[in-house]
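Next comes final-v4.cif, with mmCIF, C-alpha atoms and all ligand atoms.
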```cif
data_input
loop_
_atom_site.group_PDB
_atom_site.id
_atom_site.type_symbol
_atom_site.label_atom_id
_atom_site.label_comp_id
_atom_site.auth_asym_id
_atom_site.auth_seq_id
_atom_site.Cartn_x
_atom_site.Cartn_y
_atom_site.Cartn_z
ATOM 1 C CA MET S 5 70.326 112.816 -79.152
ATOM 2 C CA LEU S 6 70.707 111.047 -75.873
ATOM 3 C CA GLN S 7 72.185 112.468 -72.695
ATOM 4 C CA ASP S 8 75.682 113.755 -73.303
ATOM 5 C CA GLU S 9 77.045 111.304 -75.804
ATOM 6 C CA THR S 10 78.380 114.248 -77.794
ATOM 7 C CA LYS S 11 80.634 115.010 -74.872
ATOM 8 C CA ILE S 12 82.450 111.728 -75.324
ATOM 9 C CA LYS S 13 85.635 113.071 -76.786
ATOM 10 C CA SER S 14 87.919 110.093 -76.696
ATOM 11 C CA LEU S 15 87.972 106.363 -76.934
ATOM 12 C CA GLU S 16 88.870 106.243 -73.251
ATOM 13 C CA GLU S 17 85.721 108.147 -72.341
ATOM 14 C CA ALA S 18 83.658 105.866 -74.556
ATOM 15 C CA ARG S 19 85.165 102.895 -72.776
ATOM 16 C CA ARG S 20 84.142 104.355 -69.424
ATOM 17 C CA GLN S 21 80.621 105.210 -70.525
ATOM 18 C CA PHE S 22 80.039 101.807 -72.111
ATOM 19 C CA SER S 23 82.087 99.706 -69.736
ATOM 20 C CA THR S 24 79.403 97.210 -68.735
ATOM 21 C CA ARG S 25 76.493 95.403 -70.292
ATOM 22 C CA HIS S 26 74.247 97.180 -67.817
ATOM 23 C CA LYS S 27 75.344 100.644 -68.972
ATOM 24 C CA CYS S 28 74.971 99.695 -72.641
ATOM 25 C CA GLU S 29 71.516 98.237 -72.055
ATOM 26 C CA GLY S 30 70.479 101.409 -70.283
ATOM 27 C CA TYR S 31 71.667 103.541 -73.177
ATOM 28 C CA LEU S 32 69.917 101.315 -75.705
ATOM 29 C CA ARG S 33 66.712 101.338 -73.681
ATOM 30 C CA ARG S 34 66.596 105.144 -73.532
ATOM 31 C CA LEU S 35 67.316 105.305 -77.247
ATOM 32 C CA ARG S 36 64.658 102.759 -78.252
ATOM 33 C CA TRP S 37 62.007 103.938 -75.814
ATOM 34 C CA PRO S 38 62.612 107.570 -74.847
ATOM 35 C CA ASP S 39 59.083 107.770 -73.390
ATOM 36 C CA GLY S 40 59.224 104.511 -71.462
ATOM 37 C CA VAL S 41 59.412 100.861 -72.481
ATOM 38 C CA LYS S 42 56.726 99.706 -74.901
ATOM 39 C CA CYS S 43 55.802 96.261 -76.151
ATOM 40 C CA PRO S 44 57.365 95.899 -79.613
ATOM 41 C CA ARG S 45 54.512 93.640 -80.658
ATOM 42 C CA CYS S 46 51.334 95.450 -79.583
ATOM 43 C CA GLY S 47 52.681 98.814 -78.434
ATOM 44 C CA ALA S 48 51.263 98.601 -74.886
ATOM 45 C CA ASN S 49 52.962 100.701 -72.199
ATOM 46 C CA HIS S 50 54.287 99.680 -68.783
ATOM 47 C CA PRO S 51 55.323 96.096 -69.354
ATOM 48 C CA LEU S 52 56.354 94.056 -66.343
ATOM 49 C CA TYR S 53 60.096 93.950 -65.829
ATOM 50 C CA MET S 54 61.512 90.585 -64.834
ATOM 51 C CA ARG S 55 64.807 91.481 -63.249
ATOM 52 C CA LYS S 56 66.136 87.949 -63.094
ATOM 53 C CA TYR S 57 65.811 87.468 -66.857
ATOM 54 C CA ARG S 58 66.541 91.083 -67.832
ATOM 55 C CA ARG S 59 63.368 90.990 -69.883
ATOM 56 C CA TRP S 60 59.956 92.566 -69.932
ATOM 57 C CA GLN S 61 56.609 90.885 -70.296
ATOM 58 C CA CYS S 62 53.774 92.726 -71.952
ATOM 59 C CA ARG S 63 50.713 93.045 -69.733
ATOM 60 C CA GLY S 64 48.508 92.979 -72.810
ATOM 61 C CA CYS S 65 49.741 90.307 -75.200
ATOM 62 C CA ARG S 66 52.124 88.510 -72.777
ATOM 63 C CA TYR S 67 55.004 88.917 -75.227
ATOM 64 C CA GLN S 68 58.418 88.721 -73.595
ATOM 65 C CA PHE S 69 61.259 90.837 -74.889
ATOM 66 C CA SER S 70 64.662 92.204 -73.993
ATOM 67 C CA VAL S 71 66.186 95.552 -74.891
ATOM 68 C CA THR S 72 68.192 93.904 -77.663
ATOM 69 C CA ALA S 73 65.192 92.105 -79.216
ATOM 70 C CA GLY S 74 65.183 92.606 -82.963
ATOM 71 C CA THR S 75 68.691 94.064 -83.064
ATOM 72 C CA ILE S 76 71.960 92.598 -84.275
ATOM 73 C CA PHE S 77 73.067 92.437 -80.628
ATOM 74 C CA HIS S 78 70.420 89.861 -79.845
ATOM 75 C CA ARG S 79 72.040 86.522 -79.027
ATOM 76 C CA SER S 80 75.336 87.852 -80.357
ATOM 77 C CA LYS S 81 78.432 86.111 -79.026
ATOM 78 C CA ILE S 82 80.086 89.513 -78.863
ATOM 79 C CA ASP S 83 79.219 91.452 -75.725
ATOM 80 C CA LEU S 84 77.447 94.804 -75.792
ATOM 81 C CA PRO S 85 80.400 96.911 -74.600
ATOM 82 C CA ARG S 86 82.494 95.637 -77.515
ATOM 83 C CA TRP S 87 79.718 96.347 -79.986
ATOM 84 C CA PHE S 88 79.284 99.845 -78.584
ATOM 85 C CA ILE S 89 82.987 100.648 -78.680
ATOM 86 C CA ALA S 90 83.306 99.361 -82.242
ATOM 87 C CA ILE S 91 80.346 101.521 -83.311
ATOM 88 C CA TRP S 92 81.773 104.525 -81.508
ATOM 89 C CA MET S 93 85.102 104.053 -83.278
ATOM 90 C CA MET S 94 83.506 103.742 -86.695
ATOM 91 C CA CYS S 95 81.357 106.833 -86.148
ATOM 92 C CA HIS S 96 84.085 109.074 -84.830
ATOM 93 C CA SER S 97 86.987 108.540 -87.142
ATOM 94 C CA PRO S 98 86.495 110.762 -90.201
ATOM 95 C CA LYS S 99 88.718 108.550 -92.315
ATOM 96 C CA GLY S 100 87.343 105.257 -91.114
ATOM 97 C CA VAL S 101 88.540 102.429 -88.931
ATOM 98 C CA SER S 102 90.146 99.224 -90.108
ATOM 99 C CA ALA S 103 89.291 95.776 -88.806
ATOM 100 C CA LYS S 104 92.882 95.670 -87.599
ATOM 101 C CA GLN S 105 92.306 98.650 -85.300
ATOM 102 C CA ILE S 106 89.088 97.156 -83.969
ATOM 103 C CA GLU S 107 90.941 93.897 -83.348
ATOM 104 C CA ARG S 108 93.585 95.759 -81.361
ATOM 105 C CA GLU S 109 91.240 98.007 -79.383
ATOM 106 C CA LEU S 110 88.732 95.319 -78.450
ATOM 107 C CA GLY S 111 91.094 92.429 -77.985
ATOM 108 C CA VAL S 112 89.154 90.174 -80.342
ATOM 109 C CA HIS S 113 90.243 87.975 -83.229
ATOM 110 C CA TYR S 114 90.669 89.622 -86.595
ATOM 111 C CA GLU S 115 87.745 87.627 -88.027
ATOM 112 C CA THR S 116 85.494 88.911 -85.238
ATOM 113 C CA ALA S 117 86.638 92.483 -85.801
ATOM 114 C CA TRP S 118 85.995 92.126 -89.510
ATOM 115 C CA TYR S 119 82.506 90.764 -88.867
ATOM 116 C CA LEU S 120 81.720 93.604 -86.447
ATOM 117 C CA ALA S 121 82.847 96.214 -88.956
ATOM 118 C CA LYS S 122 80.794 94.609 -91.705
ATOM 119 C CA ARG S 123 77.617 94.508 -89.609
ATOM 120 C CA ILE S 124 78.060 98.071 -88.389
ATOM 121 C CA ARG S 125 78.698 99.240 -91.941
ATOM 122 C CA LYS S 126 75.339 97.739 -92.863
ATOM 123 C CA ALA S 127 73.637 99.720 -90.092
ATOM 124 C CA MET S 128 75.157 102.878 -91.530
ATOM 125 C CA LYS S 129 72.827 102.727 -94.502
ATOM 126 C CA HIS S 130 70.251 105.082 -93.221
ATOM 127 C CA ASP S 131 68.597 108.369 -94.081
ATOM 128 C CA VAL S 132 71.494 109.352 -96.335
ATOM 129 C CA PHE S 133 70.316 106.820 -98.888
ATOM 130 C CA GLU S 134 66.565 107.221 -98.628
ATOM 131 C CA ASP S 135 65.466 110.460 -100.229
ATOM 132 C CA ARG S 136 66.570 111.997 -103.475
ATOM 133 C CA LEU S 137 69.177 114.724 -103.254
ATOM 134 C CA GLY S 138 68.257 118.311 -104.000
ATOM 135 C CA GLY S 139 69.236 121.951 -103.704
ATOM 136 C CA ILE S 140 72.718 122.814 -104.862
ATOM 137 C CA ILE S 141 74.430 119.698 -106.157
ATOM 138 C CA GLU S 142 78.057 118.976 -106.951
ATOM 139 C CA VAL S 143 78.980 116.082 -109.225
ATOM 140 C CA ASP S 144 82.447 114.717 -109.782
ATOM 141 C CA ASP S 145 84.033 111.405 -110.639
ATOM 142 C CA ALA S 146 87.261 109.883 -109.420
ATOM 143 C CA VAL S 147 89.272 106.742 -109.843
ATOM 144 C CA ILE S 148 89.775 104.627 -106.746
ATOM 145 C CA ARG S 149 92.512 102.036 -106.588
ATOM 146 C CA ALA S 150 90.916 98.767 -105.565
ATOM 147 C CA SER S 151 92.425 95.327 -105.367
ATOM 148 C CA GLY S 152 91.092 92.467 -107.434
ATOM 149 C CA ASP S 153 89.786 89.201 -106.051
ATOM 150 C CA GLY S 154 93.153 87.512 -106.219
ATOM 151 C CA PRO S 155 94.674 85.333 -103.512
ATOM 152 C CA PRO S 156 94.882 87.106 -100.146
ATOM 153 C CA LYS S 157 98.630 86.568 -99.970
ATOM 154 C CA GLY S 158 101.286 87.405 -102.489
ATOM 155 C CA ASN S 159 101.139 90.169 -105.003
ATOM 156 C CA VAL S 160 98.006 92.215 -104.819
ATOM 157 C CA LYS S 161 96.698 93.248 -108.195
ATOM 158 C CA PHE S 162 95.130 96.644 -108.397
ATOM 159 C CA GLU S 163 92.540 98.000 -110.707
ATOM 160 C CA GLY S 164 91.210 101.518 -111.043
ATOM 161 C CA LYS S 165 87.511 101.743 -110.279
ATOM 162 C CA SER S 166 85.610 104.771 -111.488
ATOM 163 C CA VAL S 167 83.357 106.217 -108.863
ATOM 164 C CA LEU S 168 80.776 108.979 -109.110
ATOM 165 C CA GLY S 169 80.299 111.371 -106.228
ATOM 166 C CA VAL S 170 77.120 113.400 -105.826
ATOM 167 C CA ALA S 171 76.945 115.899 -102.980
ATOM 168 C CA GLU S 172 74.364 118.336 -101.754
ATOM 169 C CA ARG S 173 76.209 121.432 -100.725
ATOM 170 C CA GLY S 174 75.963 121.443 -96.923
ATOM 171 C CA GLY S 175 74.010 118.182 -96.992
ATOM 172 C CA PHE S 176 74.220 114.557 -97.925
ATOM 173 C CA LEU S 177 76.830 112.780 -100.000
ATOM 174 C CA ARG S 178 76.585 109.629 -102.092
ATOM 175 C CA MET S 179 79.307 107.770 -103.924
ATOM 176 C CA MET S 180 78.596 105.091 -106.482
ATOM 177 C CA ILE S 181 80.708 102.772 -108.599
ATOM 178 C CA LEU S 182 80.412 103.467 -112.315
ATOM 179 C CA GLU S 183 80.316 100.617 -114.800
ATOM 180 C CA GLY S 184 81.351 102.922 -117.610
ATOM 181 C CA LEU S 185 82.304 106.515 -118.248
ATOM 182 C CA LYS S 186 79.931 107.349 -121.063
ATOM 183 C CA ALA S 187 77.163 109.865 -120.491
ATOM 184 C CA ARG S 188 74.533 107.107 -120.445
ATOM 185 C CA ASP S 189 76.438 105.131 -117.799
ATOM 186 C CA ILE S 190 76.656 108.149 -115.559
ATOM 187 C CA LYS S 191 73.063 109.147 -116.187
ATOM 188 C CA ARG S 192 71.816 105.700 -115.230
ATOM 189 C CA VAL S 193 73.601 105.955 -111.895
ATOM 190 C CA ILE S 194 72.780 109.552 -111.095
ATOM 191 C CA ALA S 195 69.152 109.839 -112.209
ATOM 192 C CA PRO S 196 67.574 107.832 -109.350
ATOM 193 C CA ASN S 197 69.464 109.990 -106.857
ATOM 194 C CA LEU S 198 68.356 113.432 -107.937
ATOM 195 C CA GLY S 199 65.171 115.162 -106.832
ATOM 196 C CA GLU S 200 64.459 118.876 -106.765
ATOM 197 C CA VAL S 201 67.734 120.257 -108.020
ATOM 198 C CA GLN S 202 68.287 123.995 -107.983
ATOM 199 C CA GLU S 203 71.743 124.151 -109.470
ATOM 200 C CA ILE S 204 74.229 121.520 -110.420
ATOM 201 C CA TYR S 205 77.992 121.949 -110.670
ATOM 202 C CA SER S 206 80.566 119.711 -112.264
ATOM 203 C CA ASP S 207 83.768 119.919 -114.263
ATOM 204 C CA ALA S 208 83.468 120.655 -117.974
ATOM 205 C CA ALA S 209 83.708 117.078 -119.266
ATOM 206 C CA SER S 210 81.332 116.699 -122.186
ATOM 207 C CA ARG S 211 80.011 113.423 -120.797
ATOM 208 C CA LEU S 212 78.418 115.470 -118.027
ATOM 209 C CA PHE S 213 76.583 117.913 -120.295
ATOM 210 C CA PHE S 214 73.375 115.940 -119.887
ATOM 211 C CA LEU S 215 73.185 117.265 -116.316
ATOM 212 C CA THR S 216 71.245 120.258 -117.685
ATOM 213 C CA GLU S 217 68.261 117.915 -117.743
ATOM 214 C CA PHE S 218 68.216 117.958 -113.962
ATOM 215 C CA GLY S 219 68.734 121.635 -113.191
ATOM 216 C CA ARG S 220 70.725 124.716 -114.052
ATOM 217 C CA HIS S 221 74.108 123.229 -114.884
ATOM 218 C CA GLU S 222 77.344 125.157 -114.497
ATOM 219 C CA THR S 223 80.797 123.866 -115.118
ATOM 220 C CA VAL S 224 84.174 124.576 -113.640
ATOM 221 C CA ALA S 225 86.765 124.495 -116.437
ATOM 222 C CA HIS S 226 89.451 122.849 -114.419
ATOM 223 C CA ILE S 227 89.039 122.656 -110.729
ATOM 224 C CA TYR S 228 92.750 122.706 -109.975
ATOM 225 C CA ASN S 229 93.632 125.742 -112.038
ATOM 226 C CA GLU S 230 90.576 127.888 -112.104
ATOM 227 C CA TYR S 231 89.676 130.117 -109.249
ATOM 228 C CA VAL S 232 86.359 129.527 -107.653
ATOM 229 C CA VAL S 233 84.003 131.612 -109.773
ATOM 230 C CA ASP S 234 81.128 132.732 -107.615
ATOM 231 C CA GLU S 235 79.421 129.581 -106.507
ATOM 232 C CA ALA S 236 80.685 127.428 -109.343
ATOM 233 C CA HIS S 237 82.927 124.951 -107.616
ATOM 234 C CA VAL S 238 83.011 121.331 -106.636
ATOM 235 C CA ASN S 239 84.945 121.826 -103.417
ATOM 236 C CA THR S 240 82.565 119.770 -101.303
ATOM 237 C CA ILE S 241 83.019 116.673 -103.372
ATOM 238 C CA GLU S 242 86.747 117.299 -103.875
ATOM 239 C CA ASN S 243 87.162 117.488 -100.137
ATOM 240 C CA ALA S 244 85.250 114.218 -99.763
ATOM 241 C CA TRP S 245 87.430 112.463 -102.349
ATOM 242 C CA SER S 246 90.645 113.501 -100.707
ATOM 243 C CA LEU S 247 89.416 112.425 -97.271
ATOM 244 C CA PHE S 248 88.226 109.099 -98.655
ATOM 245 C CA LYS S 249 91.487 108.424 -100.473
ATOM 246 C CA ARG S 250 93.565 109.306 -97.452
ATOM 247 C CA GLY S 251 91.451 106.991 -95.333
ATOM 248 C CA LEU S 252 91.848 104.208 -97.846
ATOM 249 C CA ALA S 253 95.607 104.601 -97.932
ATOM 250 C CA GLY S 254 96.096 105.046 -94.206
ATOM 251 C CA MET S 255 93.520 102.754 -92.664
ATOM 252 C CA TYR S 256 92.575 100.024 -95.041
ATOM 253 C CA HIS S 257 95.727 99.941 -97.195
ATOM 254 C CA HIS S 258 93.601 98.545 -99.935
ATOM 255 C CA VAL S 259 90.004 97.621 -100.391
ATOM 256 C CA SER S 260 88.848 94.894 -102.735
ATOM 257 C CA ALA S 261 86.615 95.883 -105.605
ATOM 258 C CA LYS S 262 84.045 93.489 -104.205
ATOM 259 C CA TYR S 263 83.579 95.560 -101.032
ATOM 260 C CA LEU S 264 84.291 98.988 -102.459
ATOM 261 C CA GLN S 265 80.631 100.047 -102.551
ATOM 262 C CA GLU S 266 80.236 99.157 -98.859
ATOM 263 C CA TYR S 267 83.208 101.333 -97.959
ATOM 264 C CA LEU S 268 81.870 104.145 -100.117
ATOM 265 C CA ASP S 269 78.520 103.935 -98.330
ATOM 266 C CA GLU S 270 80.149 103.909 -94.919
ATOM 267 C CA PHE S 271 82.210 106.931 -95.797
ATOM 268 C CA ALA S 272 79.268 108.774 -97.377
ATOM 269 C CA PHE S 273 77.149 108.142 -94.313
ATOM 270 C CA ARG S 274 79.791 109.483 -91.951
ATOM 271 C CA TYR S 275 80.611 112.413 -94.195
ATOM 272 C CA SER S 276 76.945 113.341 -94.556
ATOM 273 C CA HIS S 277 76.649 113.601 -90.781
ATOM 274 C CA ARG S 278 80.022 115.224 -90.215
ATOM 275 C CA HIS S 279 78.513 118.180 -88.357
ATOM 276 C CA GLU S 280 76.436 116.126 -85.939
ATOM 277 C CA LYS S 281 78.650 113.423 -84.599
ATOM 278 C CA GLY S 282 76.661 112.843 -81.446
ATOM 279 C CA ARG S 283 73.580 112.006 -83.469
ATOM 280 C CA LEU S 284 75.577 109.759 -85.753
ATOM 281 C CA PHE S 285 76.296 107.277 -82.979
ATOM 282 C CA ASP S 286 72.609 107.118 -82.026
ATOM 283 C CA LEU S 287 71.539 106.757 -85.650
ATOM 284 C CA VAL S 288 73.774 103.764 -86.158
ATOM 285 C CA LEU S 289 72.817 102.227 -82.850
ATOM 286 C CA ALA S 290 69.112 102.626 -83.592
ATOM 287 C CA ASN S 291 69.658 100.966 -86.945
ATOM 288 C CA CYS S 292 71.554 97.951 -85.614
HETATM 289 ZN ZN ZN G 1 52.203 93.416 -76.171
#
```

Take the structure from the file and write it as C-alpha cells.
Amino acid sequence: MLQDETKIKSLEEARRQFSTRHKCEGYLRRLRWPDGVKCPRCGANHPLYMRKYRRWQCRGCRYQFSVTAGTIFHRSKIDLPRWFIAIWMMCHSPKGVSAKQIERELGVHYETAWYLAKRIRKAMKHDVFEDRLGGIIEVDDAVIRASGDGPPKGNVKFEGKSVLGVAERGGFLRMMILEGLKARDIKRVIAPNLGEVQEIYSDAASRLFFLTEFGRHETVAHIYNEYVVDEAHVNTIENAWSLFKRGLAGMYHHVSAKYLQEYLDEFAFRYSHRHEKGRLFDLVLANC
C-alpha cells in the first residue's frame, strides 16, 4: 500500500490527490518502483532522467521509457487524472459505478466513459482469479435478470441467467454464468475453481449433492426459513448476491447477457477485497 491512499475518503479528496498529471505520475512511479526506478528491459538501476521528455534512459541498454510504458495509460487520449479518478470510483463503490456516473464525474463523452470502465474492469482480473479456492466454501446459485442483444432503443427484452457463486468464507468470491442447471453443468464450472476444501456449504438441492467429492458437504435446508445451524450457512454468498443485485438495479439498470460475466468479475474482485480498499486501488492500478 502506498502512502495514505486509504485515507482518501471521498471523491473530492481523490480529485485533490490526483489533480495533475504530475501527481498521478508520481503515484504510479512509487507503485511500480518502490525501491527506485529500474529499467523495464534489463532491470538496471539508476537510469538517467530526461526532464524535458519525462522519460528515463537506461545507462546499461540505452532503453528509453516513461512511467506509463507498458500500461493502458501509455499514449492514451484520456489524461492520467481522469483515469485515476475513474479507477478510484470503480474501486470504492461497493455496488459498482455506471458509465453514466463516470461520464458525469469526469466530464467526458459517454462512449469514453464506457471505454474507461471496460478497460478498468479488465484490470480488475487479478489474484482473485488465479489460485483455486479453499478452506470453508459456500456455494449458491441465483438468477440474474440480463437483457438480450436486442436493439439498444425500444423495448428491452430480459432473460434470466443462472449464475453460480462460490465464496471462501472470509476470502475470495467468484461468480460464473451457468449454461445449465444439471449437476454436470455445475460441476464443470465449479471443479476448476476448487482446491483444498475443508468444508463446503450449500442449499439442499439434489443437483449439488456431488459437492461431497470436493470436501465435507453440509446443506442448509432452506436458507430463508432455517436458522443458522452452527456453521452451516451460506450467508457470505447470500450477502454478495443481494449486493450485486442491488448494484445492478441501481447503477446499471440492466446489463446485457453479453457483458454479464465481466460485471460478475468486477463485482467479485471488489467484493473479495472488501476489507482492504486501499490496496484495491493499487492492485488495479498496478494491473492497468
Ligand atoms: Zn536497460

**Request:** Check what the PyMOL selection byres (((chain S and resi 204-214) around 12) and not hetatm) selects in the file above and give those residues as an MDAnalysis selection string.
**Result:** chainID S and resid 137:146 168:173 184:192 194:195 198:203 215:230 232:242

Take the residues just selected and output them with C-alpha atoms as a CSV table (one decimal), keeping the file's coordinate frame.
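out-v1.csv, freshly written:
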```
chain,number,residue,atom,x,y,z
S,137,LEU,CA,69.2,114.7,-103.3
S,138,GLY,CA,68.3,118.3,-104.0
S,139,GLY,CA,69.2,122.0,-103.7
S,140,ILE,CA,72.7,122.8,-104.9
S,141,ILE,CA,74.4,119.7,-106.2
S,142,GLU,CA,78.1,119.0,-107.0
S,143,VAL,CA,79.0,116.1,-109.2
S,144,ASP,CA,82.4,114.7,-109.8
S,145,ASP,CA,84.0,111.4,-110.6
S,146,ALA,CA,87.3,109.9,-109.4
S,168,LEU,CA,80.8,109.0,-109.1
S,169,GLY,CA,80.3,111.4,-106.2
S,170,VAL,CA,77.1,113.4,-105.8
S,171,ALA,CA,76.9,115.9,-103.0
S,172,GLU,CA,74.4,118.3,-101.8
S,173,ARG,CA,76.2,121.4,-100.7
S,184,GLY,CA,81.4,102.9,-117.6
S,185,LEU,CA,82.3,106.5,-118.2
S,186,LYS,CA,79.9,107.3,-121.1
S,187,ALA,CA,77.2,109.9,-120.5
S,188,ARG,CA,74.5,107.1,-120.4
S,189,ASP,CA,76.4,105.1,-117.8
S,190,ILE,CA,76.7,108.1,-115.6
S,191,LYS,CA,73.1,109.1,-116.2
S,192,ARG,CA,71.8,105.7,-115.2
S,194,ILE,CA,72.8,109.6,-111.1
S,195,ALA,CA,69.2,109.8,-112.2
S,198,LEU,CA,68.4,113.4,-107.9
S,199,GLY,CA,65.2,115.2,-106.8
S,200,GLU,CA,64.5,118.9,-106.8
S,201,VAL,CA,67.7,120.3,-108.0
S,202,GLN,CA,68.3,124.0,-108.0
S,203,GLU,CA,71.7,124.2,-109.5
S,215,LEU,CA,73.2,117.3,-116.3
S,216,THR,CA,71.2,120.3,-117.7
S,217,GLU,CA,68.3,117.9,-117.7
S,218,PHE,CA,68.2,118.0,-114.0
S,219,GLY,CA,68.7,121.6,-113.2
S,220,ARG,CA,70.7,124.7,-114.1
S,221,HIS,CA,74.1,123.2,-114.9
S,222,GLU,CA,77.3,125.2,-114.5
S,223,THR,CA,80.8,123.9,-115.1
S,224,VAL,CA,84.2,124.6,-113.6
S,225,ALA,CA,86.8,124.5,-116.4
S,226,HIS,CA,89.5,122.8,-114.4
S,227,ILE,CA,89.0,122.7,-110.7
S,228,TYR,CA,92.8,122.7,-110.0
S,229,ASN,CA,93.6,125.7,-112.0
S,230,GLU,CA,90.6,127.9,-112.1
S,232,VAL,CA,86.4,129.5,-107.7
S,233,VAL,CA,84.0,131.6,-109.8
S,234,ASP,CA,81.1,132.7,-107.6
S,235,GLU,CA,79.4,129.6,-106.5
S,236,ALA,CA,80.7,127.4,-109.3
S,237,HIS,CA,82.9,125.0,-107.6
S,238,VAL,CA,83.0,121.3,-106.6
S,239,ASN,CA,84.9,121.8,-103.4
S,240,THR,CA,82.6,119.8,-101.3
S,241,ILE,CA,83.0,116.7,-103.4
S,242,GLU,CA,86.7,117.3,-103.9
```

**Prompt:** Near Met94 of chain S, counting all atoms listed in the file, which residues have an atom at most 12 Å away, once you skip same-chain residues fewer than 4 positions from it, shown as a count of residues only?
**Reply:** 35

**Answer key for the PyMOL selection byres (((not hetatm)) within 8 of (chain G and resi 1)), residues as a list in words** =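 What the PyMOL selection byres (((not hetatm)) within 8 of (chain G and resi 1)) grabs from the file is Lys42, Cys43, Pro44, Arg45, Cys46, Gly47, Ala48, Pro51, Gln61, Cys62, Arg63, Gly64, Cys65, Arg66 and Tyr67 of chain S.
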
Can you list what the PyMOL selection byres (((chain S and resi 20-26) around 9) and not hetatm) grabs from this structure, as a JSON list (two decimals) with C-alpha atoms, keeping the file's coordinate frame?
```json
[["chain", "number", "residue", "atom", "x", "y", "z"],
["S", 9, "GLU", "CA", 77.04, 111.30, -75.80],
["S", 12, "ILE", "CA", 82.45, 111.73, -75.32],
["S", 15, "LEU", "CA", 87.97, 106.36, -76.93],
["S", 16, "GLU", "CA", 88.87, 106.24, -73.25],
["S", 17, "GLU", "CA", 85.72, 108.15, -72.34],
["S", 18, "ALA", "CA", 83.66, 105.87, -74.56],
["S", 19, "ARG", "CA", 85.16, 102.90, -72.78],
["S", 27, "LYS", "CA", 75.34, 100.64, -68.97],
["S", 28, "CYS", "CA", 74.97, 99.70, -72.64],
["S", 29, "GLU", "CA", 71.52, 98.24, -72.06],
["S", 30, "GLY", "CA", 70.48, 101.41, -70.28],
["S", 31, "TYR", "CA", 71.67, 103.54, -73.18],
["S", 83, "ASP", "CA", 79.22, 91.45, -75.72],
["S", 84, "LEU", "CA", 77.45, 94.80, -75.79],
["S", 85, "PRO", "CA", 80.40, 96.91, -74.60],
["S", 86, "ARG", "CA", 82.49, 95.64, -77.52],
["S", 88, "PHE", "CA", 79.28, 99.84, -78.58],
["S", 89, "ILE", "CA", 82.99, 100.65, -78.68]]
```

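Atom CA of Val112 of chain S is found 14.0 Å from atom CA of Ser80 of chain S.
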
**Prompt:** Which residue gives the smallest distance to Leu177 of chain S among S:Lys161, S:His277, S:Arg34, S:Lys104, with all atoms listed in the file counted?
**Reply:**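 That would be S:His277, the residue with the smallest distance to Leu177 of chain S.
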
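Candidate residues S:Glu109, S:Phe176, S:Thr116, S:Val167 were compared for distance to Phe248 of chain S, and the nearest is S:Val167, using only C-alpha atoms.
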
**Prompt:** What is the atom CA of Ala73 of chain S to atom CA of Arg59 of chain S distance in Å?
**Reply:**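 According to the coordinates, atom CA of Ala73 of chain S and atom CA of Arg59 of chain S are separated by 9.6 Å.
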
**Request:** Could you please determine the separation between atom CA of Leu287 of chain S and atom CA of Leu32 of chain S in Å, to one decimal place?
**Result:**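 Calculated distance between atom CA of Leu287 of chain S and atom CA of Leu32 of chain S is 11.5 Å.
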
**Item:** Selection: 10 Å around Ile148 of chain S, only C-alpha atoms, excl. self and same-chain fewer than 3 positions, as a list in words
**Value:**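 Final neighbour list, sorted by chain and number: Asp145, Ser151, Phe162, Glu163, Gly164, Lys165, Ser166, Val167, Ile181, Trp245, Phe248, Lys249, Leu252, His258, Val259, Ala261 and Leu264 of chain S.
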
Which centre and which edge lengths, in Å to one decimal, describe the axis-aligned box that holds all listed atoms of segment 140-150 of chain S after 6 Å is added on each side, as lines of an AutoDock Vina configuration file?
```
center_x = 82.6
center_y = 110.8
center_z = -107.8
size_x = 31.8
size_y = 36.0
size_z = 17.8
```
